[in-house]
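Peer 1: Below you will find the structure I want to go over with you.
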Amino acid sequence: MPVADTSQLTSGVAERYASSLFELALEQGAVDSVTADLDHFQTMLDESADLKRFVASPVFSAEDQLKAIVAISEKAGISGFFANFLKVVARNRRLFALPGMIKAFRIIAAKHRGEISAEVTSAHALSKAQETELKVALKSVTGKDVTIAVTVDPSILGGLIVKVGSRQIDTSLRTKLSTLKLALKEVG
């Protein structure tokens, strides 16, 4: 029996939820406030290994996930559409797909504004100055305003992985080390 590709499953779920959230926010004129709450929650995820584990863990019941997400939202000052969205996601046991939902929402919102979106993976959180510098560099390459969605992944060790549409630029230290290791094997 073939094993389901969980990344495909997660991205499909994430896109459906993000699309629904965006349509509702657009109808209600709340795209900016939802985006702000979404960014705030993403920062919380990036800064808290416990929250990241909680969101990804299948061991909690839907009821426990709902209670926890309500408490987290209230403490963080997240209300309105995004707070309700988090409740629906928790109730439906889809918290594992939340990072993908946030990323998908940003892409949809950028397209709606006529911008292109770049997915950036960094070993550590970028400062506002670094984000601005990256946006300027990407605009000079693409000719359009670029919205960036940053994901923190310490396993890349350093550098960045930037994905714009089908193009990917990988300057991560992990990739450079792998390439070096491969080259050394060929020499030896």
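Labeling convention for the structure tokens: chains A, B, ... as they appear, residues from 1 per chain, ligands from 1 in order of appearance.
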Looking only at the backbone, which of the residues in chain A does DSSP tag as alpha helix (DSSP H), as a ChimeraX atom specification?
Peer 2: /A:6-27,31-47,49-56,62-76,80-91,98-112,128-142,173-187
Peer 1: So that I can check the surroundings of Ile161 of chain A, please list as a ChimeraX atom specification every protein, DNA and RNA residue that reaches within 9 Å of it, counting only C-alpha atoms and ignoring chain neighbours fewer than 4 positions away.
Peer 2: /A:119-122,156,168-172
Peer 1: Pull C-alpha atoms from the residues just selected and write them as a PDB file, in the first residue's frame.
Peer 2:
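That gives us part-v3.pdb:
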```pdb
ATOM      1  CA  GLU A 119       9.556  32.426  -0.212  1.00  0.00           C
ATOM      2  CA  VAL A 120      12.709  32.962   1.796  1.00  0.00           C
ATOM      3  CA  THR A 121      14.283  30.420   4.108  1.00  0.00           C
ATOM      4  CA  SER A 122      16.867  31.780   6.516  1.00  0.00           C
ATOM      5  CA  ILE A 156      20.463  25.475   6.638  1.00  0.00           C
ATOM      6  CA  GLN A 168      15.251  29.186  -6.688  1.00  0.00           C
ATOM      7  CA  ILE A 169      18.475  30.728  -5.462  1.00  0.00           C
ATOM      8  CA  ASP A 170      20.214  28.650  -2.805  1.00  0.00           C
ATOM      9  CA  THR A 171      23.102  30.301  -0.958  1.00  0.00           C
ATOM     10  CA  SER A 172      22.669  28.175   2.162  1.00  0.00           C
TER      11      SER A 172
END
```
Peer 1: Of the candidates A:Ile102, A:Leu95, A:Lys52, A:Lys135, which one gets nearest to Gln65 of chain A if we count only C-alpha atoms?
Peer 2: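 The shortest atom-to-atom distance to Gln65 of chain A comes from A:Leu95.
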Peer 1: Excluding Asp46 of chain A and residues on its chain fewer than 2 positions from it, collect all residues at most 9 Å away from it, counting only C-alpha atoms, and give them as a list in words.
Peer 2: Phe41, Gln42, Thr43, Met44, Ser48, Ala49, Leu51, Lys52, His124, Ala125, Thr151, Val152 and Asp153 of chain A
Peer 1: Let's have the selection written as a PDB file, in the first residue's frame, with N, CA and C atoms.
Peer 2:
```pdb
ATOM      1  N   PHE A  41       1.505  36.035  14.438  1.00  0.00           N
ATOM      2  CA  PHE A  41       1.487  34.623  14.802  1.00  0.00           C
ATOM      3  C   PHE A  41       2.712  33.907  14.237  1.00  0.00           C
ATOM      4  N   GLN A  42       3.117  34.251  13.002  1.00  0.00           N
ATOM      5  CA  GLN A  42       4.305  33.641  12.407  1.00  0.00           C
ATOM      6  C   GLN A  42       5.550  33.961  13.241  1.00  0.00           C
ATOM      7  N   THR A  43       5.640  35.195  13.725  1.00  0.00           N
ATOM      8  CA  THR A  43       6.763  35.584  14.592  1.00  0.00           C
ATOM      9  C   THR A  43       6.757  34.753  15.864  1.00  0.00           C
ATOM     10  N   MET A  44       5.570  34.549  16.434  1.00  0.00           N
ATOM     11  CA  MET A  44       5.458  33.720  17.637  1.00  0.00           C
ATOM     12  C   MET A  44       5.943  32.291  17.346  1.00  0.00           C
ATOM     13  N   SER A  48       9.193  30.483  19.230  1.00  0.00           N
ATOM     14  CA  SER A  48       8.856  29.521  20.274  1.00  0.00           C
ATOM     15  C   SER A  48       8.883  28.084  19.755  1.00  0.00           C
ATOM     16  N   ALA A  49       9.882  27.346  20.178  1.00  0.00           N
ATOM     17  CA  ALA A  49       9.980  25.932  19.799  1.00  0.00           C
ATOM     18  C   ALA A  49       8.786  25.163  20.371  1.00  0.00           C
ATOM     19  N   LEU A  51       5.673  26.292  20.886  1.00  0.00           N
ATOM     20  CA  LEU A  51       4.489  26.550  20.060  1.00  0.00           C
ATOM     21  C   LEU A  51       4.590  25.785  18.742  1.00  0.00           C
ATOM     22  N   LYS A  52       5.774  25.781  18.152  1.00  0.00           N
ATOM     23  CA  LYS A  52       5.993  25.055  16.896  1.00  0.00           C
ATOM     24  C   LYS A  52       5.692  23.568  17.082  1.00  0.00           C
ATOM     25  N   HIS A 124      18.170  32.239  10.485  1.00  0.00           N
ATOM     26  CA  HIS A 124      17.691  33.015  11.638  1.00  0.00           C
ATOM     27  C   HIS A 124      16.749  34.103  11.134  1.00  0.00           C
ATOM     28  N   ALA A 125      15.968  34.670  12.026  1.00  0.00           N
ATOM     29  CA  ALA A 125      15.017  35.723  11.646  1.00  0.00           C
ATOM     30  C   ALA A 125      15.775  36.907  11.032  1.00  0.00           C
ATOM     31  N   THR A 151      10.735  32.042   6.323  1.00  0.00           N
ATOM     32  CA  THR A 151      10.640  30.884   7.200  1.00  0.00           C
ATOM     33  C   THR A 151      12.019  30.688   7.817  1.00  0.00           C
ATOM     34  N   VAL A 152      12.050  30.493   9.115  1.00  0.00           N
ATOM     35  CA  VAL A 152      13.324  30.274   9.792  1.00  0.00           C
ATOM     36  C   VAL A 152      13.582  28.767   9.885  1.00  0.00           C
ATOM     37  N   ASP A 153      14.757  28.354   9.386  1.00  0.00           N
ATOM     38  CA  ASP A 153      15.153  26.949   9.421  1.00  0.00           C
ATOM     39  C   ASP A 153      16.633  26.872   9.781  1.00  0.00           C
TER      40      ASP A 153
END
```
Peer 1: Find the residue from A:Ser73, A:Thr132, A:Thr147, A:Thr175 that sits nearest to His112 of chain A; use only C-alpha atoms when measuring.
Peer 2: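 For His112 of chain A, the nearest of the candidates is A:Thr147.
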Peer 1: For the atom pair atom CA of Ala97 of chain A and atom CA of Arg53 of chain A, what is the interatomic distance in Å to one decimal place?
Peer 2: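 Calculated distance between atom CA of Ala97 of chain A and atom CA of Arg53 of chain A is 12.3 Å.
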Peer 1: Between A:Phe81, A:Leu126, A:Ile116, A:Val141, which is the closest to Glu23 of chain A once you count only C-alpha atoms?
Peer 2: A:Phe81
Peer 1: Identify which of the residues A:Arg106, A:Lys75, A:Arg174, A:Lys111 lies closest to Ala149 of chain A, counting only C-alpha atoms when measuring atom-to-atom distances.
Peer 2: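 Residue with the minimum atom-to-atom distance to Ala149 of chain A: A:Arg106.
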Peer 1: Atom CA of Ser33 of chain A and atom CA of Ile78 of chain A, how far apart in Å?
Peer 2: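 So the answer is 9.8 Å.
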Peer 1: List the spatial neighbours of Phe22 of chain A as a ChimeraX atom specification - criterion: any atom at most 8 Å away, only C-alpha atoms, same-chain residues fewer than 2 positions off excluded.
Peer 2: /A:18-20,24-26,31,105,108-109
Peer 1: I'd like to know which residues of segment 31-175 of chain A are strand (DSSP E) (by DSSP, run on the backbone); could you write them as a list in words?
Peer 2: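 Written out, the strand (DSSP E) residues of segment 31-175 of chain A are Ile116, Ser117, Ala118, Glu119, Val120, Thr121, Ser122, Val146, Thr147, Ile148, Ala149, Val150, Thr151, Val152, Leu160, Ile161, Val162, Lys163, Val164, Arg167, Gln168, Ile169 and Asp170 of chain A.
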Peer 1: Within 10 Å of Asp145 of chain A, counting only C-alpha atoms, which residues show up once you throw out same-chain ones fewer than 2 positions away? Write them as a list in words, please.
Peer 2: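 The neighbour list is Ala110, Arg113, Gly114, Glu115, Ile116, Ser117, Lys135, Val136, Leu138, Lys139, Ser140, Thr142, Gly143, Thr147 and Ile148 of chain A.
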Peer 1: Looking at only C-alpha atoms, which of A:Leu177, A:Ala68, A:Leu134, A:Leu38 is the one that sits closest to Arg91 of chain A?
Peer 2: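 Answer, going by the shortest atom-to-atom distance: A:Ala68.
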Peer 1: What lies within 12 Å of Glu74 of chain A using only C-alpha atoms, ignoring chain neighbours under 3 positions off, as a VMD selection string?
Peer 2: chain A and resid 37 41 67 to 71 77 to 80 82 to 84 86 to 87
